[in-house]
$ cat start.cif   # mmCIF, C-alpha atoms and all ligand atoms
data_input
#
loop_
_atom_site.label_atom_id
_atom_site.label_comp_id
_atom_site.auth_asym_id
_atom_site.auth_seq_id
_atom_site.Cartn_x
_atom_site.Cartn_y
_atom_site.Cartn_z
CA MET A 86 -5.83 -6.24 7.83
CA THR A 87 -7.05 -4.41 10.95
CA ASN A 88 -9.43 -5.86 13.49
CA SER A 89 -10.56 -2.96 15.65
CA THR A 90 -14.16 -2.16 16.53
CA ALA A 91 -13.21 1.39 17.55
CA ALA A 92 -14.57 4.30 15.54
CA PRO A 93 -12.23 4.81 12.56
CA SER A 94 -10.14 7.96 12.41
CA HIS A 95 -10.35 8.26 8.62
CA PRO A 96 -12.59 11.04 7.30
CA TRP A 97 -14.09 9.20 4.31
CA HIS A 98 -17.70 8.02 4.36
CA PRO A 99 -19.26 5.67 1.74
CA VAL A 100 -22.52 7.55 1.12
CA ALA A 101 -24.01 6.01 -2.05
CA PRO A 102 -23.26 3.69 -4.97
CA SER A 103 -21.68 5.76 -7.75
CA ALA A 104 -24.02 4.34 -10.39
CA GLY A 105 -27.01 5.97 -8.65
CA LEU A 106 -25.79 9.44 -9.62
CA ARG A 107 -26.22 10.16 -13.32
CA PRO A 108 -24.18 13.00 -14.88
CA GLY A 109 -26.22 16.20 -15.13
CA ALA A 110 -29.39 14.48 -13.92
CA ASN A 111 -30.61 13.44 -10.46
CA ILE A 112 -29.97 14.66 -6.91
CA VAL A 113 -29.84 12.07 -4.10
CA ALA A 114 -30.33 12.81 -0.41
CA GLY A 115 -27.67 11.44 1.92
CA PHE A 116 -26.26 11.61 5.44
CA ALA A 117 -22.84 11.26 7.01
CA GLN A 118 -22.27 11.71 10.75
CA GLY A 119 -25.51 13.70 11.04
CA GLN A 120 -24.67 16.02 8.15
CA GLU A 121 -27.54 16.13 5.64
CA LEU A 122 -26.20 16.02 2.08
CA ALA A 123 -27.32 16.66 -1.48
CA LEU A 124 -25.40 14.27 -3.73
CA TRP A 125 -25.23 14.87 -7.45
CA ARG A 126 -22.99 14.68 -10.45
CA SER A 127 -22.28 17.55 -12.84
CA ALA A 128 -22.73 17.05 -16.57
CA ASP A 129 -18.98 16.50 -16.91
CA GLY A 130 -19.24 13.57 -14.45
CA ALA A 131 -17.64 15.13 -11.34
CA ALA A 132 -19.18 13.91 -8.05
CA GLN A 133 -20.61 16.58 -5.72
CA ALA A 134 -21.55 16.36 -2.03
CA TRP A 135 -23.10 19.55 -0.69
CA GLU A 136 -24.81 20.53 2.51
CA ASN A 137 -28.47 20.04 1.66
CA ARG A 138 -29.39 23.69 2.19
CA CYS A 139 -29.45 26.61 -0.21
CA PRO A 140 -27.46 29.54 1.29
CA HIS A 141 -30.17 31.99 0.16
CA ARG A 142 -33.19 30.89 2.21
CA ASN A 143 -32.21 27.45 3.46
CA VAL A 144 -34.39 25.39 1.12
CA ARG A 145 -33.21 21.82 0.56
CA PHE A 146 -31.09 21.43 -2.58
CA THR A 147 -32.58 17.98 -3.13
CA LEU A 148 -35.79 19.74 -4.21
CA GLY A 149 -33.90 21.49 -7.01
CA GLN A 150 -32.45 20.30 -10.26
CA VAL A 151 -29.13 19.84 -11.99
CA VAL A 152 -28.58 22.14 -14.95
CA GLU A 153 -25.43 20.98 -16.76
CA ASN A 154 -22.58 21.81 -14.34
CA ARG A 155 -24.76 23.79 -11.93
CA LEU A 156 -27.30 23.04 -9.25
CA SER A 157 -30.46 25.15 -9.39
CA CYS A 158 -32.45 25.76 -6.21
CA ALA A 159 -36.18 24.99 -6.41
CA TYR A 160 -37.33 28.15 -4.62
CA HIS A 161 -35.93 31.23 -6.39
CA GLY A 162 -33.84 29.38 -8.96
CA TRP A 163 -30.44 30.66 -7.87
CA GLN A 164 -27.75 28.59 -9.53
CA TYR A 165 -24.53 27.32 -7.94
CA ALA A 166 -21.44 26.02 -9.72
CA ALA A 167 -20.17 22.46 -9.35
CA GLY A 168 -16.79 22.22 -7.65
CA ASN A 169 -16.76 25.33 -5.47
CA GLY A 170 -20.50 25.97 -4.91
CA GLN A 171 -20.21 29.61 -5.96
CA CYS A 172 -23.51 31.35 -6.83
CA VAL A 173 -23.31 32.05 -10.56
CA GLY A 174 -26.80 33.15 -11.53
CA ILE A 175 -30.01 34.75 -10.22
CA PRO A 176 -32.85 34.34 -12.75
CA ALA A 177 -34.91 37.27 -11.36
CA HIS A 178 -31.96 39.62 -11.97
CA PRO A 179 -30.22 38.30 -15.08
CA ALA A 180 -28.28 41.54 -15.64
CA MET A 181 -26.96 41.66 -12.08
CA PRO A 182 -23.61 40.01 -11.30
CA ALA A 183 -24.04 37.04 -8.96
CA PRO A 184 -22.96 37.86 -5.38
CA ARG A 185 -19.48 36.49 -4.85
CA ASN A 186 -20.00 35.97 -1.13
CA VAL A 187 -22.86 33.49 -1.59
CA CYS A 188 -21.63 29.92 -1.73
CA ALA A 189 -23.09 26.49 -1.16
CA ARG A 190 -21.23 24.46 1.46
CA VAL A 191 -19.24 21.91 -0.53
CA PHE A 192 -17.60 18.80 0.93
CA GLY A 193 -14.91 16.62 -0.58
CA ALA A 194 -16.30 13.84 -2.78
CA VAL A 195 -14.65 11.12 -4.84
CA ASP A 196 -15.67 7.96 -6.68
CA ALA A 197 -13.73 4.81 -5.77
CA ALA A 198 -14.54 1.09 -5.90
CA GLY A 199 -18.04 1.83 -7.25
CA MET A 200 -18.96 4.09 -4.33
CA LEU A 201 -19.21 7.81 -3.74
CA TRP A 202 -17.12 8.73 -0.67
CA VAL A 203 -17.51 12.01 1.18
CA ASN A 204 -14.96 13.79 3.35
CA LEU A 205 -16.68 16.22 5.73
CA ALA A 206 -13.35 17.58 6.94
CA HIS A 207 -12.54 18.86 3.48
CA GLU A 208 -14.64 21.88 2.51
CA GLY A 209 -14.63 24.17 -0.49
CA ASP A 210 -13.46 21.73 -3.14
CA ALA A 211 -15.44 18.79 -4.45
CA ALA A 212 -12.45 16.66 -5.41
CA PRO A 213 -9.61 16.37 -2.88
CA PRO A 214 -7.04 13.61 -3.31
CA ALA A 215 -8.42 10.31 -2.01
CA PRO A 216 -6.35 7.60 -0.30
CA GLN A 217 -5.55 4.51 -2.34
CA ALA A 218 -7.29 2.42 0.34
CA LEU A 219 -10.69 3.53 -0.95
CA ALA A 220 -10.01 1.89 -4.29
CA ASP A 221 -9.29 -1.38 -2.45
CA ALA A 222 -12.59 -1.36 -0.53
CA VAL A 223 -14.30 -3.75 -2.97
CA PRO A 224 -12.57 -6.42 -5.11
CA ALA A 225 -12.52 -5.64 -8.82
CA GLY A 226 -15.44 -7.12 -10.73
CA TRP A 227 -17.77 -7.43 -7.72
CA HIS A 228 -21.36 -6.21 -7.87
CA PHE A 229 -23.47 -3.96 -5.69
CA CYS A 230 -26.16 -6.02 -3.91
CA ARG A 231 -28.16 -3.61 -1.75
CA THR A 232 -27.99 -1.00 1.00
CA LEU A 233 -29.23 -2.11 4.41
CA THR A 234 -30.81 0.53 6.64
CA LEU A 235 -30.10 -0.14 10.31
CA ARG A 236 -31.81 1.43 13.28
CA ALA A 237 -28.57 1.34 15.21
CA GLY A 238 -25.60 3.56 15.82
CA ALA A 239 -22.44 2.92 13.82
CA GLN A 240 -20.56 1.81 16.92
CA GLN A 241 -23.22 -0.83 17.63
CA VAL A 242 -22.75 -2.10 14.08
CA ARG A 243 -18.95 -2.17 14.46
CA GLU A 244 -19.31 -4.25 17.60
CA ALA A 245 -21.86 -6.62 16.03
CA LEU A 246 -20.09 -7.40 12.74
CA PRO A 247 -17.16 -9.39 14.25
CA ARG A 248 -19.68 -11.45 16.26
CA LEU A 249 -21.46 -12.21 12.98
CA GLY A 250 -18.31 -13.41 11.22
CA PHE A 251 -17.07 -10.20 9.62
CA ALA A 252 -13.52 -8.87 9.90
CA ALA A 253 -12.36 -5.32 9.30
CA GLY A 254 -10.80 -4.99 5.87
CA ALA A 255 -7.85 -2.90 4.75
CA ALA A 256 -10.07 -0.10 3.42
CA PRO A 257 -11.69 2.40 5.79
CA GLY A 258 -15.16 1.31 6.90
CA ALA A 259 -14.98 -1.95 4.93
CA TRP A 260 -15.80 -5.31 6.50
CA ARG A 261 -15.38 -8.71 4.86
CA GLY A 262 -17.43 -11.78 5.62
CA THR A 263 -19.86 -14.32 4.20
CA LEU A 264 -23.61 -13.93 3.80
CA GLY A 265 -25.77 -16.82 2.61
CA GLY A 266 -22.59 -18.70 1.70
CA THR A 267 -21.32 -15.90 -0.55
CA PRO A 268 -18.24 -13.76 0.16
CA THR A 269 -19.43 -10.22 0.86
CA VAL A 270 -18.01 -6.78 1.59
CA ALA A 271 -20.04 -4.50 3.88
CA LEU A 272 -19.23 -0.78 3.70
CA LEU A 273 -20.42 0.90 6.88
CA LEU A 274 -21.83 4.43 6.86
CA ASP A 275 -22.30 6.35 10.11
CA ALA A 276 -25.37 8.35 9.03
CA GLN A 277 -26.91 9.68 12.25
CA PRO A 278 -26.62 8.89 15.98
CA GLN A 279 -29.10 5.99 15.74
CA LEU A 280 -29.01 5.33 12.00
CA ALA A 281 -26.39 3.45 10.01
CA PHE A 282 -26.24 2.00 6.53
CA ILE A 283 -24.22 -0.87 5.17
CA HIS A 284 -23.68 -1.11 1.43
CA LEU A 285 -23.29 -4.76 0.48
CA TRP A 286 -21.06 -5.86 -2.40
CA THR A 287 -20.51 -9.41 -3.61
CA GLY A 288 -18.87 -11.50 -6.26
CA ALA A 289 -22.24 -13.15 -7.04
CA ALA A 290 -23.74 -12.25 -10.41
CA PRO A 291 -26.84 -10.02 -10.52
CA GLY A 292 -30.02 -12.12 -10.80
CA SER A 293 -28.25 -15.33 -9.74
CA GLU A 294 -29.52 -17.72 -7.08
CA ALA A 295 -26.53 -16.74 -4.92
CA MET A 296 -27.57 -13.09 -5.13
CA ARG A 297 -31.15 -13.96 -4.09
CA THR A 298 -29.84 -15.98 -1.16
CA LEU A 299 -27.63 -13.08 -0.17
CA HIS A 300 -30.62 -10.70 -0.12
CA ALA A 301 -32.42 -13.01 2.33
CA ALA A 302 -29.30 -13.35 4.48
CA ALA A 303 -28.95 -9.56 4.55
CA ARG A 304 -32.39 -9.24 6.14
CA THR A 305 -31.33 -11.70 8.82
CA LEU A 306 -28.12 -9.73 9.34
CA ARG A 307 -30.14 -6.57 9.93
CA GLY A 308 -32.19 -8.27 12.63
CA ASP A 309 -29.07 -9.72 14.27
CA ILE A 310 -27.51 -6.24 14.47
CA GLU A 311 -30.60 -4.29 15.55
CA GLN A 312 -31.80 -6.81 18.11
CA PRO A 313 -28.88 -8.96 19.20
CA GLU A 314 -29.76 -11.94 21.37
CA THR A 315 -28.67 -11.49 24.94
S1 LIG B 401 -33.95 29.59 -1.22
FE1 LIG B 401 -32.67 28.85 -2.78
S2 LIG B 401 -32.74 30.38 -4.28
FE2 LIG B 401 -33.89 31.21 -2.68
#
$ encode --input "start.cif" --output "structure tokens"
Amino acid sequence: MTNSTAAPSHPWHPVAPSAGLRPGANIVAGFAQGQELALWRSADGAAQAWENRCPHRNVRFTLGQVVENRLSCAYHGWQYAAGNGQCVGIPAHPAMPAPRNVCARVFGAVDAAGMLWVNLAHEGDAAPPAPQALADAVPAGWHFCRTLTLRAGAQQVREALPRLGFAAGAAPGAWRGTLGGTPTVALLLDAQPQLAFIHLWTGAAPGSEAMRTLHAAARTLRGDIEQPET
């Protein structure tokens, strides 16, 4: 177990609970270190994390739709393939071969421990090998509680969590502690310079009194991080 409040050197960011991305269905907006992302899952289940901009005219991909294993832009309907982001279809010119030099910007993305993790340093392939540590981020059988939005930089959160009884876990960005009397894992996401998220996981059962108590304690945690007493 590590115990450093320094910014981690690992490139993996926990951007969203995996269950929020349905195969061949929705697109979720996300952030990691200031990079705006379009998160989605192809019909075959593969996780995708793309820059949230169409390479044609810069429209946000999150306005588009998933069509089987492709993402279709909302503006002119150009379609891009899951995995490598290659443009594979232009509806206005169905007989014309898709331009091979037009590609969405694709970042590495993997599912582990119930979360979607993104690697901004890995471009051009949606599924690089992920370290085993990601799978250890959350104990098996635990449940997702909620995501806390924090008006604070990630470093401020890293410095606050030990003061609030959390210790850095073995997995990158994972902190272990107790909230409302319940053991909890907090997965920290550095979203933007003054915006962080922590995804809370717990052994408490969904709908239980312990889970309700944990929700209330999470709100207190947010206040303690955003406005620490001096
Ligand atoms: S802006 Fe996306 S297809 Fe034109």
$ atom_distance --input "start.cif" --atom1 "atom S2 of ligand LIG 401 (chain B)" --atom2 "atom CA of A:Phe146"
9.3 Å
$ residues_near_ligand --input "start.cif" --ligand "ligand LIG 401 (chain B)" --cutoff "6 Å" --atoms "only C-alpha atoms and all ligand atoms" --output "PyMOL selection string"
chain A and resi 139+141-144+158+160-163
$ closest_residue --input "start.cif" --among "A:Ala222, A:Ala253, A:Leu274, A:Ala104" --to "A:Ala117" --atoms "all atoms listed in the file"
A:Leu274
$ closest_residue --input "start.cif" --among "A:Pro140, A:Gly266, A:Gly199, A:Gly258" --to "A:Gly105" --atoms "only C-alpha atoms"
A:Gly199
$ residues_around --input "start.cif" --residues "stretch 288-291 of chain A" --least-positions-apart "4" --cutoff "8 Å" --atoms "only C-alpha atoms" --output "JSON list (two decimals) with C-alpha atoms, in the coordinates of the input"
[["chain", "number", "residue", "atom", "x", "y", "z"],
["A", 226, "GLY", "CA", -15.44, -7.12, -10.73],
["A", 227, "TRP", "CA", -17.77, -7.43, -7.72],
["A", 228, "HIS", "CA", -21.36, -6.21, -7.87],
["A", 230, "CYS", "CA", -26.16, -6.02, -3.91],
["A", 267, "THR", "CA", -21.32, -15.90, -0.55],
["A", 268, "PRO", "CA", -18.24, -13.76, 0.16],
["A", 269, "THR", "CA", -19.43, -10.22, 0.86],
["A", 295, "ALA", "CA", -26.53, -16.74, -4.92],
["A", 296, "MET", "CA", -27.57, -13.09, -5.13]]
$ closest_atom_pairs --input "start.cif" --of "stretch 92-169 of chain A" --to "stretch 187-194 of chain A" --cutoff "9 Å" --atoms "all atoms listed in the file" --output "Markdown table"
| residue | atom | partner | partner_atom | distance |
| --- | --- | --- | --- | --- |
| A:Trp97 | CA | A:Ala194 | CA | 8.8 |
| A:Ala131 | CA | A:Ala194 | CA | 8.8 |
| A:Ala132 | CA | A:Ala194 | CA | 6.0 |
| A:Gln133 | CA | A:Ala194 | CA | 5.9 |
| A:Ala134 | CA | A:Phe192 | CA | 5.5 |
| A:Trp135 | CA | A:Val191 | CA | 4.5 |
| A:Glu136 | CA | A:Arg190 | CA | 5.4 |
| A:Asn137 | CA | A:Arg190 | CA | 8.5 |
| A:Arg138 | CA | A:Ala189 | CA | 7.7 |
| A:Cys139 | CA | A:Ala189 | CA | 6.4 |
| A:Pro140 | CA | A:Ala189 | CA | 5.9 |
| A:His141 | CA | A:Val187 | CA | 7.7 |
| A:Tyr165 | CA | A:Ala189 | CA | 7.0 |
| A:Ala166 | CA | A:Ala189 | CA | 8.7 |
| A:Ala167 | CA | A:Val191 | CA | 8.9 |
| A:Gly168 | CA | A:Val191 | CA | 7.5 |
| A:Asn169 | CA | A:Val191 | CA | 6.5 |
$ closest_residue --input "start.cif" --among "A:Ala180, A:Gly130, A:Cys172, A:Ala114" --to "A:Arg145" --atoms "all atoms listed in the file"
A:Ala114
$ closest_residue --input "start.cif" --among "A:Ala211, A:Val173, A:Leu148, A:Ala239" --to "A:Ser127" --atoms "all atoms listed in the file"
A:Ala211
$ closest_residue --input "start.cif" --among "A:Asn111, A:Thr147, A:Gln241, A:Thr263" --to "A:Ala302" --atoms "all atoms listed in the file"
A:Thr263
$ residues_near_point --input "start.cif" --point "(-27.9, 11.7, -5.6)" --cutoff "8 Å" --atoms "all atoms listed in the file" --output "PyMOL selection string"
chain A and resi 101+105-106+111-115+123-126
$ residues_near_point --input "start.cif" --point "(-30.2, 0.6, 11.8)" --cutoff "9 Å" --atoms "all atoms listed in the file" --output "list in words"
Leu233, Thr234, Leu235, Arg236, Ala237, Gly238, Ala239, Val242, Gln279, Leu280, Ala281, Phe282, Arg307, Ile310 and Glu311 of chain A
$ atom_distance --input "start.cif" --atom1 "atom CA of A:Ala276" --atom2 "atom CA of A:Pro99"
9.9 Å
$ atom_distance --input "start.cif" --atom1 "atom CA of A:Glu153" --atom2 "atom CA of A:Gly109"
5.1 Å
$ closest_residue --input "start.cif" --among "A:Gly174, A:Glu294, A:Leu299, A:Pro214" --to "A:Arg155" --atoms "all atoms listed in the file"
A:Gly174
$ axis_aligned_box --input "start.cif" --around "stretch 107-113 of chain A" --padding-each-side "3 Å" --output "AutoDock Vina command-line options"
--center_x -27.4 --center_y 13.2 --center_z -9.6 --size_x 12.4 --size_y 12.0 --size_z 17.0
$ build_atoms --input "start.cif" --residues "stretch 182-198 of chain A" --atoms "N, CA and C atoms" --output "PDB file, in the frame of the given file"
ATOM      1  N   PRO A 182     -24.648  41.022 -11.585  1.00  0.00           N
ATOM      2  CA  PRO A 182     -23.610  40.010 -11.300  1.00  0.00           C
ATOM      3  C   PRO A 182     -23.987  39.190 -10.070  1.00  0.00           C
ATOM      4  N   ALA A 183     -23.735  37.901 -10.112  1.00  0.00           N
ATOM      5  CA  ALA A 183     -24.040  37.040  -8.960  1.00  0.00           C
ATOM      6  C   ALA A 183     -23.176  37.453  -7.765  1.00  0.00           C
ATOM      7  N   PRO A 184     -23.751  37.470  -6.561  1.00  0.00           N
ATOM      8  CA  PRO A 184     -22.960  37.860  -5.380  1.00  0.00           C
ATOM      9  C   PRO A 184     -21.846  36.878  -5.101  1.00  0.00           C
ATOM     10  N   ARG A 185     -20.637  37.375  -4.988  1.00  0.00           N
ATOM     11  CA  ARG A 185     -19.480  36.490  -4.850  1.00  0.00           C
ATOM     12  C   ARG A 185     -19.370  35.895  -3.447  1.00  0.00           C
ATOM     13  N   ASN A 186     -20.089  36.487  -2.497  1.00  0.00           N
ATOM     14  CA  ASN A 186     -20.000  35.970  -1.130  1.00  0.00           C
ATOM     15  C   ASN A 186     -21.074  34.933  -0.821  1.00  0.00           C
ATOM     16  N   VAL A 187     -21.838  34.522  -1.812  1.00  0.00           N
ATOM     17  CA  VAL A 187     -22.860  33.490  -1.590  1.00  0.00           C
ATOM     18  C   VAL A 187     -22.371  32.182  -2.195  1.00  0.00           C
ATOM     19  N   CYS A 188     -22.200  31.203  -1.312  1.00  0.00           N
ATOM     20  CA  CYS A 188     -21.630  29.920  -1.730  1.00  0.00           C
ATOM     21  C   CYS A 188     -22.359  28.777  -1.044  1.00  0.00           C
ATOM     22  N   ALA A 189     -22.628  27.723  -1.784  1.00  0.00           N
ATOM     23  CA  ALA A 189     -23.090  26.490  -1.160  1.00  0.00           C
ATOM     24  C   ALA A 189     -21.935  25.887  -0.372  1.00  0.00           C
ATOM     25  N   ARG A 190     -22.274  25.125   0.670  1.00  0.00           N
ATOM     26  CA  ARG A 190     -21.230  24.460   1.460  1.00  0.00           C
ATOM     27  C   ARG A 190     -20.886  23.131   0.772  1.00  0.00           C
ATOM     28  N   VAL A 191     -19.664  23.037   0.294  1.00  0.00           N
ATOM     29  CA  VAL A 191     -19.240  21.910  -0.530  1.00  0.00           C
ATOM     30  C   VAL A 191     -18.255  21.037   0.249  1.00  0.00           C
ATOM     31  N   PHE A 192     -18.510  19.736   0.260  1.00  0.00           N
ATOM     32  CA  PHE A 192     -17.600  18.800   0.930  1.00  0.00           C
ATOM     33  C   PHE A 192     -16.825  17.999  -0.119  1.00  0.00           C
ATOM     34  N   GLY A 193     -15.704  17.444   0.318  1.00  0.00           N
ATOM     35  CA  GLY A 193     -14.910  16.620  -0.580  1.00  0.00           C
ATOM     36  C   GLY A 193     -15.665  15.371  -0.996  1.00  0.00           C
ATOM     37  N   ALA A 194     -15.589  15.013  -2.272  1.00  0.00           N
ATOM     38  CA  ALA A 194     -16.300  13.840  -2.780  1.00  0.00           C
ATOM     39  C   ALA A 194     -15.473  13.178  -3.877  1.00  0.00           C
ATOM     40  N   VAL A 195     -15.353  11.861  -3.792  1.00  0.00           N
ATOM     41  CA  VAL A 195     -14.650  11.120  -4.840  1.00  0.00           C
ATOM     42  C   VAL A 195     -15.369   9.802  -5.107  1.00  0.00           C
ATOM     43  N   ASP A 196     -15.197   9.298  -6.323  1.00  0.00           N
ATOM     44  CA  ASP A 196     -15.670   7.960  -6.680  1.00  0.00           C
ATOM     45  C   ASP A 196     -14.499   6.989  -6.544  1.00  0.00           C
ATOM     46  N   ALA A 197     -14.744   5.866  -5.870  1.00  0.00           N
ATOM     47  CA  ALA A 197     -13.730   4.810  -5.770  1.00  0.00           C
ATOM     48  C   ALA A 197     -14.421   3.502  -5.459  1.00  0.00           C
ATOM     49  N   ALA A 198     -14.005   2.436  -6.126  1.00  0.00           N
ATOM     50  CA  ALA A 198     -14.540   1.090  -5.900  1.00  0.00           C
ATOM     51  C   ALA A 198     -16.065   1.053  -6.064  1.00  0.00           C
TER      52      ALA A 198
END
